[in-house]
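The file upload_22.tsv contains TSV, C-alpha atoms and all ligand atoms:
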chain	number	residue	atom	x	y	z
A	1	MET	CA	-0.01	10.89	28.34
A	2	LEU	CA	-0.94	9.06	25.13
A	3	SER	CA	0.94	10.06	21.97
A	4	GLN	CA	-0.95	11.05	18.81
A	5	GLN	CA	-0.03	7.67	17.34
A	6	GLU	CA	-1.53	5.88	20.37
A	7	LEU	CA	-4.68	8.00	20.08
A	8	LYS	CA	-4.96	7.03	16.41
A	9	GLN	CA	-4.53	3.36	17.36
A	10	SER	CA	-7.25	3.58	20.00
A	11	VAL	CA	-9.74	5.22	17.62
A	12	ALA	CA	-8.93	2.65	14.91
A	13	ALA	CA	-9.67	-0.15	17.40
A	14	ALA	CA	-12.91	1.60	18.43
A	15	ALA	CA	-13.93	1.83	14.77
A	16	VAL	CA	-13.47	-1.92	14.38
A	17	GLU	CA	-15.73	-2.47	17.43
A	18	TYR	CA	-18.22	-0.09	15.79
A	19	VAL	CA	-18.35	-2.01	12.49
A	20	LEU	CA	-18.29	-5.57	13.89
A	21	PRO	CA	-22.09	-5.76	14.44
A	22	LEU	CA	-22.60	-4.62	10.81
A	23	LEU	CA	-20.48	-7.38	9.27
A	24	GLY	CA	-21.85	-10.32	7.31
A	25	ALA	CA	-20.97	-12.60	4.40
A	26	ASP	CA	-22.41	-10.16	1.83
A	27	VAL	CA	-21.13	-6.97	3.40
A	28	VAL	CA	-18.66	-4.68	1.64
A	29	LEU	CA	-17.14	-1.89	3.73
A	30	GLY	CA	-16.01	1.53	2.51
A	31	VAL	CA	-12.47	2.27	3.63
A	32	GLY	CA	-10.72	5.65	3.59
A	33	THR	CA	-7.18	6.88	3.25
A	34	GLY	CA	-4.49	8.19	5.59
A	35	SER	CA	-2.51	7.11	8.61
A	36	THR	CA	-5.62	6.63	10.79
A	37	ALA	CA	-7.38	4.68	8.04
A	38	ASP	CA	-4.22	2.55	7.70
A	39	LEU	CA	-4.47	1.64	11.38
A	40	PHE	CA	-8.16	0.84	10.92
A	41	ILE	CA	-7.29	-1.51	8.04
A	42	ASP	CA	-4.66	-3.23	10.19
A	43	ALA	CA	-7.10	-3.65	13.10
A	44	LEU	CA	-9.82	-4.91	10.75
A	45	ALA	CA	-7.60	-7.55	9.16
A	46	PRO	CA	-8.08	-10.30	11.80
A	47	HIS	CA	-11.84	-10.15	11.05
A	48	ARG	CA	-11.43	-10.58	7.27
A	49	GLY	CA	-13.42	-13.84	7.26
A	50	ARG	CA	-16.50	-12.10	8.60
A	51	PHE	CA	-17.27	-9.85	5.61
A	52	LYS	CA	-17.07	-9.97	1.82
A	53	GLY	CA	-14.53	-7.23	1.20
A	54	ALA	CA	-13.99	-3.50	0.85
A	55	VAL	CA	-14.05	-0.57	-1.55
A	56	ALA	CA	-11.03	1.67	-1.06
A	57	SER	CA	-10.84	5.43	-1.57
A	58	SER	CA	-7.26	5.24	-2.91
A	59	GLU	CA	-4.77	2.94	-4.57
A	60	ARG	CA	-2.74	3.19	-1.35
A	61	SER	CA	-5.56	1.80	0.81
A	62	ALA	CA	-6.45	-0.79	-1.82
A	63	ALA	CA	-2.88	-2.12	-1.66
A	64	ARG	CA	-2.94	-2.23	2.14
A	65	LEU	CA	-6.29	-4.05	2.20
A	66	ALA	CA	-5.12	-6.56	-0.39
A	67	GLY	CA	-1.89	-7.06	1.55
A	68	HIS	CA	-4.00	-8.22	4.47
A	69	GLY	CA	-5.96	-10.63	2.27
A	70	ILE	CA	-9.11	-8.44	2.22
A	71	GLU	CA	-10.76	-8.54	-1.18
A	72	VAL	CA	-10.94	-5.12	-2.82
A	73	PHE	CA	-13.91	-4.33	-5.04
A	74	ASP	CA	-14.30	-1.71	-7.75
A	75	LEU	CA	-17.09	0.66	-6.73
A	76	ASN	CA	-18.90	-0.17	-9.97
A	77	GLU	CA	-19.31	-3.75	-8.76
A	78	VAL	CA	-20.96	-2.76	-5.49
A	79	ARG	CA	-24.56	-1.66	-4.92
A	80	GLY	CA	-24.20	-0.33	-1.39
A	81	MET	CA	-22.23	-0.30	1.82
A	82	PRO	CA	-23.46	-0.03	5.40
A	83	VAL	CA	-20.58	2.16	6.43
A	84	TYR	CA	-17.59	4.20	5.23
A	85	VAL	CA	-14.76	4.70	7.73
A	86	ASP	CA	-12.17	7.42	7.22
A	87	GLY	CA	-10.08	10.04	9.01
A	88	ALA	CA	-10.13	13.82	8.57
A	89	ASP	CA	-7.75	16.76	8.76
A	90	GLU	CA	-10.25	18.89	10.70
A	91	ILE	CA	-13.74	18.29	12.03
A	92	ASP	CA	-16.15	20.66	13.77
A	93	ALA	CA	-18.99	20.03	16.22
A	94	GLY	CA	-21.46	19.81	13.31
A	95	LEU	CA	-19.31	16.98	11.86
A	96	ASN	CA	-18.34	19.09	8.85
A	97	MET	CA	-14.82	18.20	7.79
A	98	ILE	CA	-11.76	19.21	5.83
A	99	LYS	CA	-10.26	16.17	4.13
A	100	GLY	CA	-7.69	15.54	1.45
A	101	GLY	CA	-4.42	15.93	3.31
A	102	GLY	CA	-3.52	12.61	1.69
A	103	GLY	CA	-4.84	13.77	-1.68
A	104	ALA	CA	-7.66	11.22	-1.93
A	105	LEU	CA	-10.54	13.67	-1.40
A	106	THR	CA	-12.48	12.97	-4.60
A	107	ARG	CA	-12.56	9.20	-4.25
A	108	GLU	CA	-13.28	9.64	-0.54
A	109	LYS	CA	-16.33	11.78	-1.34
A	110	ILE	CA	-17.52	9.31	-3.97
A	111	VAL	CA	-17.19	6.20	-1.81
A	112	ALA	CA	-18.71	7.97	1.21
A	113	SER	CA	-21.70	9.03	-0.91
A	114	VAL	CA	-22.55	5.39	-1.60
A	115	ALA	CA	-22.35	4.30	2.05
A	116	GLU	CA	-25.30	4.50	4.41
A	117	ARG	CA	-23.17	6.01	7.19
A	118	PHE	CA	-19.88	7.94	7.31
A	119	VAL	CA	-17.90	7.20	10.46
A	120	CYS	CA	-15.06	9.68	10.91
A	121	ILE	CA	-12.15	8.52	13.06
A	122	VAL	CA	-9.95	11.23	14.53
A	123	ASP	CA	-7.81	12.08	17.51
A	124	GLU	CA	-8.78	15.13	19.54
A	125	SER	CA	-6.23	17.40	17.80
A	126	LYS	CA	-8.52	17.38	14.73
A	127	LEU	CA	-11.56	18.87	16.51
A	128	VAL	CA	-11.84	22.62	15.78
A	129	GLU	CA	-14.35	25.38	16.42
A	130	GLN	CA	-14.19	26.65	12.84
A	131	LEU	CA	-12.72	24.85	9.83
A	132	GLY	CA	-9.89	26.47	7.91
A	133	ALA	CA	-6.64	26.49	9.84
A	134	PHE	CA	-5.71	23.40	7.81
A	135	PRO	CA	-5.18	24.48	4.16
A	136	LEU	CA	-8.17	23.33	2.13
A	137	PRO	CA	-7.22	20.82	-0.60
A	138	VAL	CA	-8.92	21.43	-3.94
A	139	GLU	CA	-8.47	18.84	-6.71
A	140	VAL	CA	-8.23	20.48	-10.14
A	141	ILE	CA	-8.05	19.41	-13.77
A	142	PRO	CA	-4.45	20.37	-14.71
A	143	MET	CA	-5.44	22.72	-17.58
A	144	ALA	CA	-7.59	24.75	-15.15
A	145	ARG	CA	-4.94	25.07	-12.41
A	146	ALA	CA	-4.26	28.78	-13.00
A	147	SER	CA	-7.86	29.86	-13.62
A	148	VAL	CA	-9.06	28.02	-10.51
A	149	ALA	CA	-6.20	29.52	-8.48
A	150	ARG	CA	-7.31	33.03	-9.53
A	151	ARG	CA	-10.90	32.29	-8.46
A	152	LEU	CA	-9.63	31.03	-5.10
A	153	GLU	CA	-7.58	34.22	-4.64
A	154	GLY	CA	-10.73	36.20	-5.39
A	155	MET	CA	-12.38	34.40	-2.48
A	156	GLY	CA	-9.57	35.48	-0.14
A	157	GLY	CA	-7.58	32.24	-0.33
A	158	ARG	CA	-3.88	31.68	-0.92
A	159	PRO	CA	-3.66	28.59	-3.18
A	160	GLN	CA	-0.42	26.64	-3.39
A	161	LEU	CA	0.17	23.83	-5.86
A	162	ARG	CA	1.04	20.54	-4.11
A	163	SER	CA	4.19	20.11	-6.10
A	164	GLY	CA	5.21	16.72	-7.47
A	165	PHE	CA	1.83	15.23	-6.51
A	166	VAL	CA	-0.67	13.67	-8.91
A	167	THR	CA	-3.94	12.25	-7.61
A	168	ASP	CA	-5.20	8.74	-8.38
A	169	ASN	CA	-7.43	10.50	-10.94
A	170	GLY	CA	-4.48	12.09	-12.77
A	171	CYS	CA	-5.26	15.56	-11.42
A	172	GLN	CA	-3.49	18.13	-9.23
A	173	ILE	CA	-4.14	19.61	-5.80
A	174	LEU	CA	-4.20	23.26	-4.76
A	175	ASP	CA	-3.84	23.63	-0.98
A	176	VAL	CA	-5.65	26.82	-0.04
A	177	SER	CA	-4.82	28.69	3.14
A	178	GLY	CA	-6.43	31.86	4.45
A	179	LEU	CA	-10.06	30.98	3.68
A	180	ARG	CA	-12.67	32.05	6.25
A	181	ILE	CA	-14.97	29.04	6.33
A	182	ALA	CA	-17.94	30.41	8.28
A	183	ALA	CA	-20.53	28.50	6.21
A	184	PRO	CA	-18.90	25.20	5.15
A	185	ALA	CA	-21.80	23.80	3.07
A	186	ALA	CA	-22.23	27.03	1.10
A	187	MET	CA	-18.50	27.24	0.45
A	188	GLU	CA	-18.36	23.58	-0.62
A	189	ALA	CA	-21.15	24.19	-3.15
A	190	GLU	CA	-19.49	27.37	-4.43
A	191	LEU	CA	-16.07	25.75	-4.87
A	192	ASN	CA	-17.41	22.60	-6.48
A	193	ASN	CA	-19.16	24.81	-9.01
A	194	VAL	CA	-15.96	26.44	-10.28
A	195	PRO	CA	-15.15	25.04	-13.75
A	196	GLY	CA	-12.05	22.87	-13.51
A	197	VAL	CA	-12.56	21.91	-9.87
A	198	VAL	CA	-13.02	18.16	-9.52
A	199	THR	CA	-14.00	18.53	-5.90
A	200	CYS	CA	-12.90	20.46	-2.83
A	201	GLY	CA	-11.94	18.91	0.50
A	202	LEU	CA	-14.92	20.33	2.37
A	203	PHE	CA	-17.28	17.56	3.44
A	204	ALA	CA	-20.25	19.56	4.70
A	205	LEU	CA	-23.14	19.09	2.26
A	206	ALA	CA	-22.80	15.48	3.40
A	207	GLY	CA	-20.57	15.44	6.45
A	208	ALA	CA	-19.92	12.56	8.81
A	209	ASP	CA	-22.87	10.89	10.52
A	210	VAL	CA	-20.77	9.77	13.46
A	211	ALA	CA	-17.35	10.82	14.72
A	212	LEU	CA	-15.24	8.64	16.96
A	213	LEU	CA	-12.91	11.03	18.77
A	214	ALA	CA	-9.92	9.68	20.67
A	215	THR	CA	-9.11	11.73	23.78
A	216	GLN	CA	-6.63	11.12	26.57
A	217	GLN	CA	-9.47	9.63	28.65
A	218	SER	CA	-11.52	7.58	26.18
A	219	VAL	CA	-12.95	7.38	22.68
A	220	ARG	CA	-16.03	9.62	22.54
A	221	GLU	CA	-18.84	9.19	20.02
A	222	LEU	CA	-20.26	12.38	18.47
A	223	ARG	CA	-23.34	12.44	16.23
A	224	ARG	CA	-24.18	14.92	13.48
A	225	PRO	CA	-26.78	17.34	14.86
A	226	SER	CA	-30.15	16.85	13.11
A	301	LIG	O1	-8.46	13.00	3.90
A	301	LIG	C1	-7.54	12.24	4.08
A	301	LIG	C2	-6.71	11.72	2.98
A	301	LIG	O2	-7.03	12.29	1.75
A	301	LIG	C3	-7.22	11.78	5.46
A	301	LIG	O3	-8.37	11.23	6.02
A	301	LIG	C4	-6.76	12.94	6.28
A	301	LIG	O4	-5.67	13.56	5.61
A	301	LIG	C5	-6.33	12.51	7.69
A	301	LIG	O5	-5.18	11.75	7.60
A	301	LIG	P1	-4.46	11.12	8.87
A	301	LIG	O6	-5.36	10.04	9.38
A	301	LIG	O7	-3.16	10.62	8.31
A	301	LIG	O8	-4.25	12.23	9.88
Rewrite the coordinates I just gave you, this time as C-alpha cells.
Ligand SMILES: O=C(CO)[C@H](O)[C@H](O)COP(=O)(O)O
Amino acid sequence: MLSQQELKQSVAAAAVEYVLPLLGADVVLGVGTGSTADLFIDALAPHRGRFKGAVASSERSAARLAGHGIEVFDLNEVRGMPVYVDGADEIDAGLNMIKGGGGALTREKIVASVAERFVCIVDESKLVEQLGAFPLPVEVIPMARASVARRLEGMGGRPQLRSGFVTDNGCQILDVSGLRIAAPAAMEAELNNVPGVVTCGLFALAGADVALLATQQSVRELRRPS
C-alpha cells in the first residue's frame, strides 16, 4: 500500500515525464505551489539545462526553484508558457478544482491563465464527486474582510479567517466551509464579483485541461470533458 507521500512522488515524476517533450531552450514553465508542486520541482531539477526557466505562483516555490538552480522569471517578462503544473485540494470529474490550501490561489490563477495548458497533479484522495468538503479559500482585501464574510454567510457559507496568514499579495484568506457547490463556474463568477474579493479558490471557469491522478495501481490521465 503506497502512502500519500509516495503517491505524491509518483504523480510528480509522471508530471516531469509529461513536460519533458515540451521542453526547449526558450521554454519557460509555470510552476504551482504546495507539497505536490514541491516534489514536482525537485523531480524537474535534474532537467534544468533543458529549458529556460520558470514562473512561480508563490515566493515559496520561487525560492525552491532558485535553490535548484532553475532561473525564476517575473511573469511580466514572459509572453507565454506551454504548461502550468500545480496540485489541488479537490478536483472533480469535470476537472473543476478547489485550490488555495497553501494560500497562493490568486497567483496560481494568474500564472495558469497565461499557460496554454493546466496540468493538475493530485493523488486519488483529492478526487471528489462534488466540490466543497474542503473549505473554499477566498482571498480578500483586508478592509473588506467583514463585509465579504457577511456576503459569504448570506450564501450559506461559514467563513473563518486564516489567522496569522498574509498572502504574497499582502491580503488575507477566508476559509469557507458549508458551501453547496453544485455549479462551480457560476459560483466562481459570483464570488469573484463581490467587492473586496481578490479571487476565490474555485478554478472552474478555466479548470485544468489534464489531471494526472496517482492511484495505488498507476498514474491515470484524465482530460477535461469538451
Ligand atoms: O492550491 C494550492 C496552494 O495554494 C495547492 O495546490 C493545494 O493546496 C494542494 O496542496 P498539496 O499539494 O500540498 O496537497
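Nearest residue to Gly196 of chain A among A:Pro225, A:Gly103, A:Pro142, A:Gly164 is A:Pro142, counting only C-alpha atoms.
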Next on the checklist: One number please: atom O1 of ligand LIG 301 (chain A) to atom CA of Arg50 of chain A, in Å, one decimal.
Outcome noted: 26.8 Å
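Comparing A:Ser226, A:Ala214, A:Ile91, A:Val166 by their smallest distance to Glu6 of chain A, the closest is A:Ala214 (using all atoms listed in the file).
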Next on the checklist: I need the residue nearest Arg162 of chain A from this list: A:Glu124, A:Ser113, A:Gly102, A:Leu7. Use all atoms listed in the file for the distance.
Outcome noted: A:Gly102
Item to check | Test item: residues at most 12 Å from Ser177 of chain A, only C-alpha atoms, excluding those fewer than 4 positions along its chain, as an MDAnalysis selection string | outcome: chainID A and resid 131:138 149 152:153 155:161 181
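The nearest approach to Asp74 of chain A among the residues A:Gln172, A:Asp86, A:Ala189, A:Leu29, with only C-alpha atoms taken into account, belongs to A:Leu29.
Separating atom CA of Gln4 of chain A from atom CA of Gly53 of chain A is a distance of 28.8 Å.
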Please tabulate, as a Markdown table, the residues of chain A that come within 8 Å of ligand LIG 301 (chain A), each with its closest pair of atoms and the distance in Å to one decimal, counting only C-alpha atoms and all ligand atoms and ordering rows by chain, then residue number upward.
| residue | atom | partner | partner_atom | distance |
| --- | --- | --- | --- | --- |
| A:Lys8 | CA | A:LIG301 | O6 | 7.7 |
| A:Gly32 | CA | A:LIG301 | O3 | 6.5 |
| A:Thr33 | CA | A:LIG301 | C2 | 4.9 |
| A:Gly34 | CA | A:LIG301 | O7 | 3.9 |
| A:Ser35 | CA | A:LIG301 | O7 | 3.6 |
| A:Thr36 | CA | A:LIG301 | O6 | 3.7 |
| A:Ala37 | CA | A:LIG301 | O6 | 5.9 |
| A:Asp38 | CA | A:LIG301 | O6 | 7.8 |
| A:Asp86 | CA | A:LIG301 | O3 | 5.5 |
| A:Gly87 | CA | A:LIG301 | O3 | 3.6 |
| A:Ala88 | CA | A:LIG301 | O3 | 4.0 |
| A:Asp89 | CA | A:LIG301 | C5 | 4.6 |
| A:Ile98 | CA | A:LIG301 | O1 | 7.3 |
| A:Lys99 | CA | A:LIG301 | O1 | 3.7 |
| A:Gly100 | CA | A:LIG301 | O2 | 3.3 |
| A:Gly101 | CA | A:LIG301 | O4 | 3.5 |
| A:Gly102 | CA | A:LIG301 | O2 | 3.5 |
| A:Gly103 | CA | A:LIG301 | O2 | 4.3 |
| A:Ala104 | CA | A:LIG301 | O2 | 3.9 |
| A:Leu105 | CA | A:LIG301 | O2 | 4.9 |
| A:Glu108 | CA | A:LIG301 | O2 | 7.2 |
| A:Ile121 | CA | A:LIG301 | O6 | 7.9 |
| A:Val122 | CA | A:LIG301 | O6 | 7.0 |
| A:Gly201 | CA | A:LIG301 | O1 | 7.7 |
So that I have them on file, write out the residues from the current selection with C-alpha atoms, as a short mmCIF file (atom, residue, chain, number, x, y, z; two decimals), in the coordinates of the input.
data_model
loop_
_atom_site.label_atom_id
_atom_site.label_comp_id
_atom_site.auth_asym_id
_atom_site.auth_seq_id
_atom_site.Cartn_x
_atom_site.Cartn_y
_atom_site.Cartn_z
CA LYS A 8 -4.96 7.03 16.41
CA GLY A 32 -10.72 5.65 3.59
CA THR A 33 -7.18 6.88 3.25
CA GLY A 34 -4.49 8.19 5.59
CA SER A 35 -2.51 7.11 8.61
CA THR A 36 -5.62 6.63 10.79
CA ALA A 37 -7.38 4.68 8.04
CA ASP A 38 -4.22 2.55 7.70
CA ASP A 86 -12.17 7.42 7.22
CA GLY A 87 -10.08 10.04 9.01
CA ALA A 88 -10.13 13.82 8.57
CA ASP A 89 -7.75 16.76 8.76
CA ILE A 98 -11.76 19.21 5.83
CA LYS A 99 -10.26 16.17 4.13
CA GLY A 100 -7.69 15.54 1.45
CA GLY A 101 -4.42 15.93 3.31
CA GLY A 102 -3.52 12.61 1.69
CA GLY A 103 -4.84 13.77 -1.68
CA ALA A 104 -7.66 11.22 -1.93
CA LEU A 105 -10.54 13.67 -1.40
CA GLU A 108 -13.28 9.64 -0.54
CA ILE A 121 -12.15 8.52 13.06
CA VAL A 122 -9.95 11.23 14.53
CA GLY A 201 -11.94 18.91 0.50
#
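Counting all atoms listed in the file and comparing A:Leu127, A:Ala185, A:Leu174, A:Ala204, the residue that lies closest to Leu222 of chain A is A:Leu127.
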Next on the checklist: For a cutoff of 12 Å around the file-coordinate point (-5.3, -2.8, 2.6), which residues qualify once you count only C-alpha atoms? I'd like the result as a count of residues only.
Outcome noted: 38
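Checking A:Ala186, A:Val16, A:Ile110, A:Val119 one by one against Pro46 of chain A, counting all atoms listed in the file, you find the shortest gap at A:Val16.
The interatomic distance for the pair atom CA of Thr199 of chain A and atom CA of Arg145 of chain A works out to 12.9 Å.
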Please define a box with edges along x, y and z of the file around all atoms of segment 103-120 of chain A given in the file, extend it by 8 Å on each side, and return its centre and edge lengths in Å to one decimal, as AutoDock Vina command-line options.
--center_x -15.1 --center_y 9.0 --center_z 3.2 --size_x 36.5 --size_y 25.5 --size_z 31.5
